[in-house]
Structures are given as structure tokens and as C-alpha cells.
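> Data file upload_19.cif (mmCIF, N, CA and C atoms) is appended below.
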```cif
data_upload
#
loop_
_atom_site.label_atom_id
_atom_site.label_comp_id
_atom_site.auth_asym_id
_atom_site.auth_seq_id
_atom_site.Cartn_x
_atom_site.Cartn_y
_atom_site.Cartn_z
N MET A 1 -8.53 10.88 -10.54
CA MET A 1 -9.43 10.23 -11.44
C MET A 1 -10.79 10.94 -11.47
N LYS A 2 -11.24 11.35 -10.30
CA LYS A 2 -12.53 12.02 -10.22
C LYS A 2 -12.48 13.36 -10.95
N GLN A 3 -11.35 14.07 -10.83
CA GLN A 3 -11.21 15.36 -11.52
C GLN A 3 -11.22 15.18 -13.03
N MET A 4 -10.59 14.10 -13.48
CA MET A 4 -10.57 13.85 -14.92
C MET A 4 -11.98 13.56 -15.43
N LEU A 5 -12.73 12.77 -14.69
CA LEU A 5 -14.11 12.47 -15.10
C LEU A 5 -14.98 13.72 -15.07
N LEU A 6 -14.77 14.58 -14.08
CA LEU A 6 -15.51 15.83 -14.03
C LEU A 6 -15.16 16.74 -15.20
N ALA A 7 -13.88 16.77 -15.56
CA ALA A 7 -13.46 17.57 -16.71
C ALA A 7 -14.07 17.03 -18.00
N LEU A 8 -14.08 15.70 -18.14
CA LEU A 8 -14.72 15.10 -19.32
C LEU A 8 -16.21 15.44 -19.37
N TRP A 9 -16.85 15.41 -18.21
CA TRP A 9 -18.27 15.74 -18.17
C TRP A 9 -18.50 17.20 -18.51
N ALA A 10 -17.60 18.08 -18.05
CA ALA A 10 -17.74 19.51 -18.33
C ALA A 10 -17.56 19.82 -19.82
N TYR A 11 -16.68 19.08 -20.48
CA TYR A 11 -16.41 19.31 -21.90
C TYR A 11 -17.12 18.30 -22.79
N ARG A 12 -18.17 17.66 -22.31
CA ARG A 12 -18.85 16.61 -23.06
C ARG A 12 -19.40 17.10 -24.40
N PHE A 13 -19.92 18.32 -24.44
CA PHE A 13 -20.47 18.83 -25.70
C PHE A 13 -19.36 19.08 -26.72
N PHE A 14 -18.22 19.55 -26.25
CA PHE A 14 -17.07 19.75 -27.14
C PHE A 14 -16.58 18.41 -27.67
N ILE A 15 -16.50 17.42 -26.80
CA ILE A 15 -16.02 16.10 -27.21
C ILE A 15 -16.96 15.47 -28.23
N VAL A 16 -18.26 15.53 -27.97
CA VAL A 16 -19.24 14.96 -28.89
C VAL A 16 -19.23 15.69 -30.23
N SER A 17 -19.15 17.02 -30.20
CA SER A 17 -19.12 17.77 -31.46
C SER A 17 -17.83 17.52 -32.23
N SER A 18 -16.72 17.32 -31.53
CA SER A 18 -15.45 16.99 -32.19
C SER A 18 -15.53 15.63 -32.88
N ILE A 19 -16.15 14.67 -32.20
CA ILE A 19 -16.29 13.34 -32.79
C ILE A 19 -17.20 13.38 -34.02
N LYS A 20 -18.30 14.11 -33.93
CA LYS A 20 -19.21 14.23 -35.08
C LYS A 20 -18.52 14.91 -36.26
N THR A 21 -17.79 15.99 -35.97
CA THR A 21 -17.08 16.70 -37.02
C THR A 21 -16.02 15.82 -37.67
N GLU A 22 -15.32 15.04 -36.85
CA GLU A 22 -14.29 14.15 -37.38
C GLU A 22 -14.88 13.12 -38.32
N PHE A 23 -15.99 12.51 -37.95
CA PHE A 23 -16.63 11.53 -38.83
C PHE A 23 -17.15 12.18 -40.10
N LYS A 24 -17.72 13.37 -39.99
CA LYS A 24 -18.23 14.06 -41.18
C LYS A 24 -17.11 14.40 -42.14
N THR A 25 -16.00 14.92 -41.64
CA THR A 25 -14.89 15.29 -42.52
C THR A 25 -14.16 14.07 -43.04
N ARG A 26 -14.11 13.01 -42.26
CA ARG A 26 -13.40 11.81 -42.71
C ARG A 26 -14.11 11.14 -43.88
N PHE A 27 -15.43 11.12 -43.85
CA PHE A 27 -16.18 10.42 -44.88
C PHE A 27 -16.91 11.35 -45.83
N ALA A 28 -16.58 12.63 -45.84
CA ALA A 28 -17.28 13.59 -46.68
C ALA A 28 -17.04 13.33 -48.17
N ARG A 29 -15.82 12.99 -48.53
CA ARG A 29 -15.50 12.80 -49.94
C ARG A 29 -15.65 11.36 -50.41
N SER A 30 -16.06 10.49 -49.53
CA SER A 30 -16.18 9.08 -49.87
C SER A 30 -17.65 8.72 -50.10
N LYS A 31 -17.92 8.10 -51.22
CA LYS A 31 -19.29 7.71 -51.53
C LYS A 31 -19.72 6.49 -50.72
N ILE A 32 -18.78 5.68 -50.31
CA ILE A 32 -19.15 4.48 -49.55
C ILE A 32 -19.03 4.70 -48.05
N GLY A 33 -18.57 5.84 -47.61
CA GLY A 33 -18.60 6.24 -46.21
C GLY A 33 -17.87 5.32 -45.26
N GLY A 34 -18.55 4.95 -44.18
CA GLY A 34 -17.95 4.13 -43.14
C GLY A 34 -17.60 2.73 -43.60
N PHE A 35 -18.20 2.29 -44.70
CA PHE A 35 -17.89 0.98 -45.24
C PHE A 35 -16.43 0.90 -45.67
N TRP A 36 -15.83 2.06 -45.98
CA TRP A 36 -14.43 2.12 -46.38
C TRP A 36 -13.52 1.68 -45.24
N MET A 37 -13.93 1.89 -43.99
CA MET A 37 -13.12 1.45 -42.85
C MET A 37 -12.97 -0.06 -42.83
N VAL A 38 -13.92 -0.77 -43.39
CA VAL A 38 -13.86 -2.23 -43.44
C VAL A 38 -13.15 -2.69 -44.71
N ILE A 39 -13.46 -2.05 -45.82
CA ILE A 39 -12.90 -2.47 -47.11
C ILE A 39 -11.38 -2.26 -47.17
N HIS A 40 -10.90 -1.14 -46.68
CA HIS A 40 -9.48 -0.80 -46.80
C HIS A 40 -8.56 -1.82 -46.13
N PRO A 41 -8.74 -2.16 -44.85
CA PRO A 41 -7.87 -3.17 -44.25
C PRO A 41 -8.00 -4.55 -44.90
N LEU A 42 -9.22 -4.90 -45.31
CA LEU A 42 -9.39 -6.20 -45.95
C LEU A 42 -8.68 -6.25 -47.31
N ALA A 43 -8.71 -5.14 -48.04
CA ALA A 43 -7.98 -5.09 -49.31
C ALA A 43 -6.47 -5.19 -49.07
N GLN A 44 -5.98 -4.52 -48.04
CA GLN A 44 -4.55 -4.62 -47.71
C GLN A 44 -4.18 -6.06 -47.36
N VAL A 45 -4.99 -6.70 -46.55
CA VAL A 45 -4.71 -8.08 -46.17
C VAL A 45 -4.75 -8.99 -47.39
N LEU A 46 -5.68 -8.77 -48.26
CA LEU A 46 -5.78 -9.58 -49.47
C LEU A 46 -4.50 -9.45 -50.31
N VAL A 47 -4.04 -8.24 -50.48
CA VAL A 47 -2.82 -8.02 -51.27
C VAL A 47 -1.61 -8.64 -50.58
N TYR A 48 -1.45 -8.38 -49.28
CA TYR A 48 -0.31 -8.95 -48.55
C TYR A 48 -0.36 -10.47 -48.54
N ALA A 49 -1.54 -11.01 -48.30
CA ALA A 49 -1.66 -12.47 -48.25
C ALA A 49 -1.36 -13.09 -49.61
N LEU A 50 -1.85 -12.47 -50.65
CA LEU A 50 -1.59 -13.00 -51.99
C LEU A 50 -0.11 -12.96 -52.32
N ILE A 51 0.51 -11.82 -52.07
CA ILE A 51 1.93 -11.68 -52.41
C ILE A 51 2.81 -12.55 -51.51
N LEU A 52 2.59 -12.47 -50.20
CA LEU A 52 3.49 -13.17 -49.29
C LEU A 52 3.25 -14.68 -49.23
N SER A 53 2.00 -15.09 -49.21
CA SER A 53 1.77 -16.53 -49.05
C SER A 53 1.74 -17.29 -50.37
N GLN A 54 1.28 -16.66 -51.43
CA GLN A 54 1.19 -17.37 -52.71
C GLN A 54 2.45 -17.19 -53.57
N ILE A 55 2.91 -15.96 -53.69
CA ILE A 55 4.06 -15.70 -54.57
C ILE A 55 5.38 -16.00 -53.87
N MET A 56 5.52 -15.52 -52.61
CA MET A 56 6.78 -15.72 -51.89
C MET A 56 6.76 -16.98 -51.02
N LYS A 57 5.64 -17.67 -50.95
CA LYS A 57 5.47 -18.93 -50.22
C LYS A 57 5.81 -18.81 -48.73
N ALA A 58 5.44 -17.69 -48.11
CA ALA A 58 5.65 -17.51 -46.68
C ALA A 58 4.60 -18.31 -45.91
N LYS A 59 5.04 -18.96 -44.84
CA LYS A 59 4.13 -19.75 -44.02
C LYS A 59 4.48 -19.56 -42.55
N LEU A 60 3.50 -19.77 -41.70
CA LEU A 60 3.75 -19.75 -40.26
C LEU A 60 4.35 -21.08 -39.85
N PRO A 61 5.31 -21.05 -38.91
CA PRO A 61 5.92 -22.32 -38.50
C PRO A 61 4.91 -23.24 -37.81
N GLU A 62 4.95 -24.50 -38.15
CA GLU A 62 4.13 -25.56 -37.56
C GLU A 62 2.62 -25.38 -37.76
N VAL A 63 2.21 -24.59 -38.76
CA VAL A 63 0.79 -24.41 -39.08
C VAL A 63 0.60 -24.81 -40.54
N GLN A 64 -0.32 -25.74 -40.78
CA GLN A 64 -0.49 -26.28 -42.12
C GLN A 64 -1.63 -25.65 -42.91
N THR A 65 -2.56 -24.97 -42.25
CA THR A 65 -3.72 -24.43 -42.96
C THR A 65 -3.32 -23.23 -43.82
N GLN A 66 -4.02 -23.06 -44.91
CA GLN A 66 -3.69 -21.97 -45.83
C GLN A 66 -4.23 -20.62 -45.36
N TYR A 67 -5.14 -20.63 -44.38
CA TYR A 67 -5.74 -19.39 -43.89
C TYR A 67 -5.00 -18.79 -42.70
N ALA A 68 -4.00 -19.45 -42.19
CA ALA A 68 -3.31 -18.97 -40.99
C ALA A 68 -2.54 -17.68 -41.26
N TYR A 69 -1.84 -17.62 -42.37
CA TYR A 69 -1.02 -16.45 -42.65
C TYR A 69 -1.86 -15.19 -42.90
N PRO A 70 -2.93 -15.25 -43.70
CA PRO A 70 -3.78 -14.05 -43.85
C PRO A 70 -4.42 -13.60 -42.54
N ILE A 71 -4.82 -14.53 -41.68
CA ILE A 71 -5.39 -14.15 -40.38
C ILE A 71 -4.34 -13.49 -39.52
N TYR A 72 -3.14 -14.01 -39.55
CA TYR A 72 -2.01 -13.43 -38.81
C TYR A 72 -1.73 -12.00 -39.29
N ILE A 73 -1.71 -11.80 -40.59
CA ILE A 73 -1.48 -10.47 -41.16
C ILE A 73 -2.64 -9.53 -40.81
N LEU A 74 -3.87 -10.00 -40.90
CA LEU A 74 -5.04 -9.18 -40.58
C LEU A 74 -4.99 -8.68 -39.14
N SER A 75 -4.63 -9.55 -38.21
CA SER A 75 -4.57 -9.12 -36.81
C SER A 75 -3.51 -8.04 -36.62
N GLY A 76 -2.39 -8.16 -37.26
CA GLY A 76 -1.35 -7.14 -37.15
C GLY A 76 -1.75 -5.83 -37.79
N ILE A 77 -2.34 -5.89 -38.97
CA ILE A 77 -2.75 -4.67 -39.67
C ILE A 77 -3.85 -3.95 -38.90
N LEU A 78 -4.83 -4.69 -38.39
CA LEU A 78 -5.91 -4.07 -37.64
C LEU A 78 -5.40 -3.43 -36.34
N ALA A 79 -4.50 -4.11 -35.65
CA ALA A 79 -3.95 -3.55 -34.41
C ALA A 79 -3.15 -2.29 -34.70
N TRP A 80 -2.32 -2.32 -35.74
CA TRP A 80 -1.51 -1.15 -36.07
C TRP A 80 -2.39 0.02 -36.55
N THR A 81 -3.39 -0.26 -37.36
CA THR A 81 -4.28 0.78 -37.86
C THR A 81 -5.05 1.42 -36.71
N LEU A 82 -5.54 0.61 -35.78
CA LEU A 82 -6.23 1.14 -34.62
C LEU A 82 -5.32 2.04 -33.79
N PHE A 83 -4.12 1.58 -33.51
CA PHE A 83 -3.15 2.37 -32.74
C PHE A 83 -2.83 3.67 -33.46
N SER A 84 -2.56 3.60 -34.74
CA SER A 84 -2.19 4.78 -35.52
C SER A 84 -3.33 5.79 -35.58
N ASP A 85 -4.55 5.32 -35.83
CA ASP A 85 -5.70 6.23 -35.89
C ASP A 85 -5.98 6.89 -34.55
N ILE A 86 -5.91 6.11 -33.47
CA ILE A 86 -6.14 6.68 -32.14
C ILE A 86 -5.10 7.75 -31.83
N LEU A 87 -3.86 7.47 -32.12
CA LEU A 87 -2.79 8.43 -31.85
C LEU A 87 -2.96 9.69 -32.69
N THR A 88 -3.23 9.55 -33.96
CA THR A 88 -3.39 10.70 -34.85
C THR A 88 -4.59 11.54 -34.45
N ARG A 89 -5.70 10.90 -34.19
CA ARG A 89 -6.91 11.66 -33.85
C ARG A 89 -6.81 12.31 -32.48
N SER A 90 -6.16 11.66 -31.53
CA SER A 90 -6.00 12.29 -30.22
C SER A 90 -5.07 13.50 -30.30
N LEU A 91 -4.06 13.43 -31.15
CA LEU A 91 -3.20 14.60 -31.34
C LEU A 91 -3.96 15.74 -32.00
N ASN A 92 -4.84 15.41 -32.94
CA ASN A 92 -5.66 16.44 -33.57
C ASN A 92 -6.59 17.10 -32.56
N VAL A 93 -7.17 16.30 -31.67
CA VAL A 93 -8.05 16.86 -30.65
C VAL A 93 -7.26 17.75 -29.70
N LEU A 94 -6.07 17.31 -29.31
CA LEU A 94 -5.24 18.12 -28.42
C LEU A 94 -4.86 19.45 -29.07
N LEU A 95 -4.52 19.41 -30.34
CA LEU A 95 -4.18 20.65 -31.05
C LEU A 95 -5.39 21.56 -31.16
N THR A 96 -6.57 20.97 -31.39
CA THR A 96 -7.79 21.77 -31.45
C THR A 96 -8.09 22.41 -30.11
N MET A 97 -7.87 21.68 -29.03
CA MET A 97 -8.13 22.22 -27.71
C MET A 97 -7.15 23.36 -27.37
N GLN A 98 -5.91 23.28 -27.83
CA GLN A 98 -4.93 24.33 -27.57
C GLN A 98 -5.24 25.58 -28.36
N ILE A 99 -5.80 25.42 -29.56
CA ILE A 99 -6.14 26.58 -30.38
C ILE A 99 -7.31 27.33 -29.77
N CYS A 100 -8.28 26.59 -29.26
CA CYS A 100 -9.47 27.21 -28.68
C CYS A 100 -9.09 27.82 -27.39
#
```
Please express the file's structure as C-alpha cells.


Amino acid sequence: MKQMLLALWAYRFFIVSSIKTEFKTRFARSKIGGFWMVIHPLAQVLVYALILSQIMKAKLPEVQTQYAYPIYILSGILAWTLFSDILTRSLNVLLTMQIC
């Protein structure tokens, strides 16, 4: 554990510059920037909630409130998006480190 922390400390400038570059390239073509990270999952949840709960009449068992299903979908989408982004970005960093 100590060796890993020392390695992270030794490569701290590379890690910080990689994170800055990733944010710059991720939001370079977007006019709304980081706000898109919030809008995109909420738009997905809105579409899923509308289609599944209103059109297909999907409901959670033993829950009567109309907001339960969209909250349930939001938690799943946010968890999956976080997992997917972390995995993708860590693979990109590993590939960058192997090239250098």
C-alpha cells in the first residue's frame, strides 16, 4: 500500500494533467460544458419514466407513489453511468501510460 501511494505521489503531475486534459477534451465541443453531465442522465430518466410508468404502466411492487419508479430508474442509471465512465476512463489512462 505504501509503495502504491509513493508511486501515485511520484506521478502526481501526470495524473493531474491527465485529468485536466480529459475534462478539456470531454467538454470542448459542448457549449453547456459540465452541465451536460447533469442534463443527460436526467433526460434519460425522464424518457424512461415517461415510457415505462405512463405508457406501459410499470410500477414497483407495494409502492403507491408515482415518483417511486423514476427514482428507482435514476439510481440505476446513475450507478451504471458512474461505473461505465470510471472503467472507460481508467482504461484510457492505462493505455496512455503504456504508450508513454

> Since I can't run it myself right now, could you work out what the PyMOL selection byres ((chain A and resi 69) around 8) selects here and report it as a list in words?

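Going through the file, the PyMOL selection byres ((chain A and resi 69) around 8) ends up selecting Tyr48, Ala49, Ser53, Ala58, Lys59, Leu60, Val63, Thr65, Gln66, Tyr67, Ala68, Pro70, Ile71, Tyr72, Ile73, Leu74 and Ser75 of chain A.
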
> Just the selected residues (N, CA and C atoms), exported as a PDB file, in the coordinates of the input, please.


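Result saved to result.pdb:
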```
ATOM      1  N   TYR A  48      -1.450  -8.380 -49.280  1.00  0.00           N
ATOM      2  CA  TYR A  48      -0.310  -8.950 -48.550  1.00  0.00           C
ATOM      3  C   TYR A  48      -0.360 -10.470 -48.540  1.00  0.00           C
ATOM      4  N   ALA A  49      -1.540 -11.010 -48.300  1.00  0.00           N
ATOM      5  CA  ALA A  49      -1.660 -12.470 -48.250  1.00  0.00           C
ATOM      6  C   ALA A  49      -1.360 -13.090 -49.610  1.00  0.00           C
ATOM      7  N   SER A  53       2.000 -15.090 -49.210  1.00  0.00           N
ATOM      8  CA  SER A  53       1.770 -16.530 -49.050  1.00  0.00           C
ATOM      9  C   SER A  53       1.740 -17.290 -50.370  1.00  0.00           C
ATOM     10  N   ALA A  58       5.440 -17.690 -48.110  1.00  0.00           N
ATOM     11  CA  ALA A  58       5.650 -17.510 -46.680  1.00  0.00           C
ATOM     12  C   ALA A  58       4.600 -18.310 -45.910  1.00  0.00           C
ATOM     13  N   LYS A  59       5.040 -18.960 -44.840  1.00  0.00           N
ATOM     14  CA  LYS A  59       4.130 -19.750 -44.020  1.00  0.00           C
ATOM     15  C   LYS A  59       4.480 -19.560 -42.550  1.00  0.00           C
ATOM     16  N   LEU A  60       3.500 -19.770 -41.700  1.00  0.00           N
ATOM     17  CA  LEU A  60       3.750 -19.750 -40.260  1.00  0.00           C
ATOM     18  C   LEU A  60       4.350 -21.080 -39.850  1.00  0.00           C
ATOM     19  N   VAL A  63       2.210 -24.590 -38.760  1.00  0.00           N
ATOM     20  CA  VAL A  63       0.790 -24.410 -39.080  1.00  0.00           C
ATOM     21  C   VAL A  63       0.600 -24.810 -40.540  1.00  0.00           C
ATOM     22  N   THR A  65      -2.560 -24.970 -42.250  1.00  0.00           N
ATOM     23  CA  THR A  65      -3.720 -24.430 -42.960  1.00  0.00           C
ATOM     24  C   THR A  65      -3.320 -23.230 -43.820  1.00  0.00           C
ATOM     25  N   GLN A  66      -4.020 -23.060 -44.910  1.00  0.00           N
ATOM     26  CA  GLN A  66      -3.690 -21.970 -45.830  1.00  0.00           C
ATOM     27  C   GLN A  66      -4.230 -20.620 -45.360  1.00  0.00           C
ATOM     28  N   TYR A  67      -5.140 -20.630 -44.380  1.00  0.00           N
ATOM     29  CA  TYR A  67      -5.740 -19.390 -43.890  1.00  0.00           C
ATOM     30  C   TYR A  67      -5.000 -18.790 -42.700  1.00  0.00           C
ATOM     31  N   ALA A  68      -4.000 -19.450 -42.190  1.00  0.00           N
ATOM     32  CA  ALA A  68      -3.310 -18.970 -40.990  1.00  0.00           C
ATOM     33  C   ALA A  68      -2.540 -17.680 -41.260  1.00  0.00           C
ATOM     34  N   PRO A  70      -2.930 -15.250 -43.700  1.00  0.00           N
ATOM     35  CA  PRO A  70      -3.780 -14.050 -43.850  1.00  0.00           C
ATOM     36  C   PRO A  70      -4.420 -13.600 -42.540  1.00  0.00           C
ATOM     37  N   ILE A  71      -4.820 -14.530 -41.680  1.00  0.00           N
ATOM     38  CA  ILE A  71      -5.390 -14.150 -40.380  1.00  0.00           C
ATOM     39  C   ILE A  71      -4.340 -13.490 -39.520  1.00  0.00           C
ATOM     40  N   TYR A  72      -3.140 -14.010 -39.550  1.00  0.00           N
ATOM     41  CA  TYR A  72      -2.010 -13.430 -38.810  1.00  0.00           C
ATOM     42  C   TYR A  72      -1.730 -12.000 -39.290  1.00  0.00           C
ATOM     43  N   ILE A  73      -1.710 -11.800 -40.590  1.00  0.00           N
ATOM     44  CA  ILE A  73      -1.480 -10.470 -41.160  1.00  0.00           C
ATOM     45  C   ILE A  73      -2.640  -9.530 -40.810  1.00  0.00           C
ATOM     46  N   LEU A  74      -3.870 -10.000 -40.900  1.00  0.00           N
ATOM     47  CA  LEU A  74      -5.040  -9.180 -40.580  1.00  0.00           C
ATOM     48  C   LEU A  74      -4.990  -8.680 -39.140  1.00  0.00           C
ATOM     49  N   SER A  75      -4.630  -9.550 -38.210  1.00  0.00           N
ATOM     50  CA  SER A  75      -4.570  -9.120 -36.810  1.00  0.00           C
ATOM     51  C   SER A  75      -3.510  -8.040 -36.620  1.00  0.00           C
TER      52      SER A  75
END
```

> Calculate how many Å separate CA of Val45 (chain A) from CA of Ile77 (chain A), rounding to one decimal.

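Atom-to-atom, CA of Val45 (chain A) and CA of Ile77 (chain A) are spaced 7.6 Å apart.
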
> So the first atom is atom C of Leu46 (chain A) and the second is CA of Thr81 (chain A); what is the distance between them in Å, to one decimal place?

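Distance reported for this atom pair: 16.1 Å.
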
> For the atom pair CA of Pro41 (chain A) and CA of Glu62 (chain A), what is the interatomic distance in Å to one decimal place?

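Between CA of Pro41 (chain A) and CA of Glu62 (chain A) the gap works out to 26.3 Å.
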
> Tell me which residues come within 12 Å of (-10.9, -2.5, -44.9), as a compact mmCIF listing (two decimals) with N, CA and C atoms, in the frame of the given file, counting only C-alpha atoms in the file's coordinates.


```txt
# COMPACT_ATOMS: atom_id res chain seq x y z
N ILE A 32 -18.78 5.68 -50.31
CA ILE A 32 -19.15 4.48 -49.55
C ILE A 32 -19.03 4.70 -48.05
N GLY A 33 -18.57 5.84 -47.61
CA GLY A 33 -18.60 6.24 -46.21
C GLY A 33 -17.87 5.32 -45.26
N GLY A 34 -18.55 4.95 -44.18
CA GLY A 34 -17.95 4.13 -43.14
C GLY A 34 -17.60 2.73 -43.60
N PHE A 35 -18.20 2.29 -44.70
CA PHE A 35 -17.89 0.98 -45.24
C PHE A 35 -16.43 0.90 -45.67
N TRP A 36 -15.83 2.06 -45.98
CA TRP A 36 -14.43 2.12 -46.38
C TRP A 36 -13.52 1.68 -45.24
N MET A 37 -13.93 1.89 -43.99
CA MET A 37 -13.12 1.45 -42.85
C MET A 37 -12.97 -0.06 -42.83
N VAL A 38 -13.92 -0.77 -43.39
CA VAL A 38 -13.86 -2.23 -43.44
C VAL A 38 -13.15 -2.69 -44.71
N ILE A 39 -13.46 -2.05 -45.82
CA ILE A 39 -12.90 -2.47 -47.11
C ILE A 39 -11.38 -2.26 -47.17
N HIS A 40 -10.90 -1.14 -46.68
CA HIS A 40 -9.48 -0.80 -46.80
C HIS A 40 -8.56 -1.82 -46.13
N PRO A 41 -8.74 -2.16 -44.85
CA PRO A 41 -7.87 -3.17 -44.25
C PRO A 41 -8.00 -4.55 -44.90
N LEU A 42 -9.22 -4.90 -45.31
CA LEU A 42 -9.39 -6.20 -45.95
C LEU A 42 -8.68 -6.25 -47.31
N ALA A 43 -8.71 -5.14 -48.04
CA ALA A 43 -7.98 -5.09 -49.31
C ALA A 43 -6.47 -5.19 -49.07
N GLN A 44 -5.98 -4.52 -48.04
CA GLN A 44 -4.55 -4.62 -47.71
C GLN A 44 -4.18 -6.06 -47.36
N VAL A 45 -4.99 -6.70 -46.55
CA VAL A 45 -4.71 -8.08 -46.17
C VAL A 45 -4.75 -8.99 -47.39
N LEU A 46 -5.68 -8.77 -48.26
CA LEU A 46 -5.78 -9.58 -49.47
C LEU A 46 -4.50 -9.45 -50.31
N VAL A 47 -4.04 -8.24 -50.48
CA VAL A 47 -2.82 -8.02 -51.27
C VAL A 47 -1.61 -8.64 -50.58
N LEU A 74 -3.87 -10.00 -40.90
CA LEU A 74 -5.04 -9.18 -40.58
C LEU A 74 -4.99 -8.68 -39.14
N ILE A 77 -2.34 -5.89 -38.97
CA ILE A 77 -2.75 -4.67 -39.67
C ILE A 77 -3.85 -3.95 -38.90
N LEU A 78 -4.83 -4.69 -38.39
CA LEU A 78 -5.91 -4.07 -37.64
C LEU A 78 -5.40 -3.43 -36.34
N THR A 81 -3.39 -0.26 -37.36
CA THR A 81 -4.28 0.78 -37.86
C THR A 81 -5.05 1.42 -36.71
N LEU A 82 -5.54 0.61 -35.78
CA LEU A 82 -6.23 1.14 -34.62
C LEU A 82 -5.32 2.04 -33.79
```

> Running DSSP on the backbone, which parts of chain A land in alpha helix (DSSP H), as a PyMOL selection string?

chain A and resi 2-10+12-26+36-49+68-99

> Please provide the set of residues having any atom within 10 Å of region 14-20 of chain A, restricted to only C-alpha atoms, with same-chain residues fewer than 2 positions apart removed, written as an MDAnalysis selection string.

chainID A and resid 8:12 22:26 89 92:93 96:97

> Got time to write the residues from that selection, N, CA and C atoms, as a tab-separated table (two decimals), in the frame of the given file?


```
chain	number	residue	atom	x	y	z
A	8	LEU	N	-14.08	15.70	-18.14
A	8	LEU	CA	-14.72	15.10	-19.32
A	8	LEU	C	-16.21	15.44	-19.37
A	9	TRP	N	-16.85	15.41	-18.21
A	9	TRP	CA	-18.27	15.74	-18.17
A	9	TRP	C	-18.50	17.20	-18.51
A	10	ALA	N	-17.60	18.08	-18.05
A	10	ALA	CA	-17.74	19.51	-18.33
A	10	ALA	C	-17.56	19.82	-19.82
A	11	TYR	N	-16.68	19.08	-20.48
A	11	TYR	CA	-16.41	19.31	-21.90
A	11	TYR	C	-17.12	18.30	-22.79
A	12	ARG	N	-18.17	17.66	-22.31
A	12	ARG	CA	-18.85	16.61	-23.06
A	12	ARG	C	-19.40	17.10	-24.40
A	22	GLU	N	-15.32	15.04	-36.85
A	22	GLU	CA	-14.29	14.15	-37.38
A	22	GLU	C	-14.88	13.12	-38.32
A	23	PHE	N	-15.99	12.51	-37.95
A	23	PHE	CA	-16.63	11.53	-38.83
A	23	PHE	C	-17.15	12.18	-40.10
A	24	LYS	N	-17.72	13.37	-39.99
A	24	LYS	CA	-18.23	14.06	-41.18
A	24	LYS	C	-17.11	14.40	-42.14
A	25	THR	N	-16.00	14.92	-41.64
A	25	THR	CA	-14.89	15.29	-42.52
A	25	THR	C	-14.16	14.07	-43.04
A	26	ARG	N	-14.11	13.01	-42.26
A	26	ARG	CA	-13.40	11.81	-42.71
A	26	ARG	C	-14.11	11.14	-43.88
A	89	ARG	N	-5.70	10.90	-34.19
A	89	ARG	CA	-6.91	11.66	-33.85
A	89	ARG	C	-6.81	12.31	-32.48
A	92	ASN	N	-4.84	15.41	-32.94
A	92	ASN	CA	-5.66	16.44	-33.57
A	92	ASN	C	-6.59	17.10	-32.56
A	93	VAL	N	-7.17	16.30	-31.67
A	93	VAL	CA	-8.05	16.86	-30.65
A	93	VAL	C	-7.26	17.75	-29.70
A	96	THR	N	-6.57	20.97	-31.39
A	96	THR	CA	-7.79	21.77	-31.45
A	96	THR	C	-8.09	22.41	-30.11
A	97	MET	N	-7.87	21.68	-29.03
A	97	MET	CA	-8.13	22.22	-27.71
A	97	MET	C	-7.15	23.36	-27.37
```
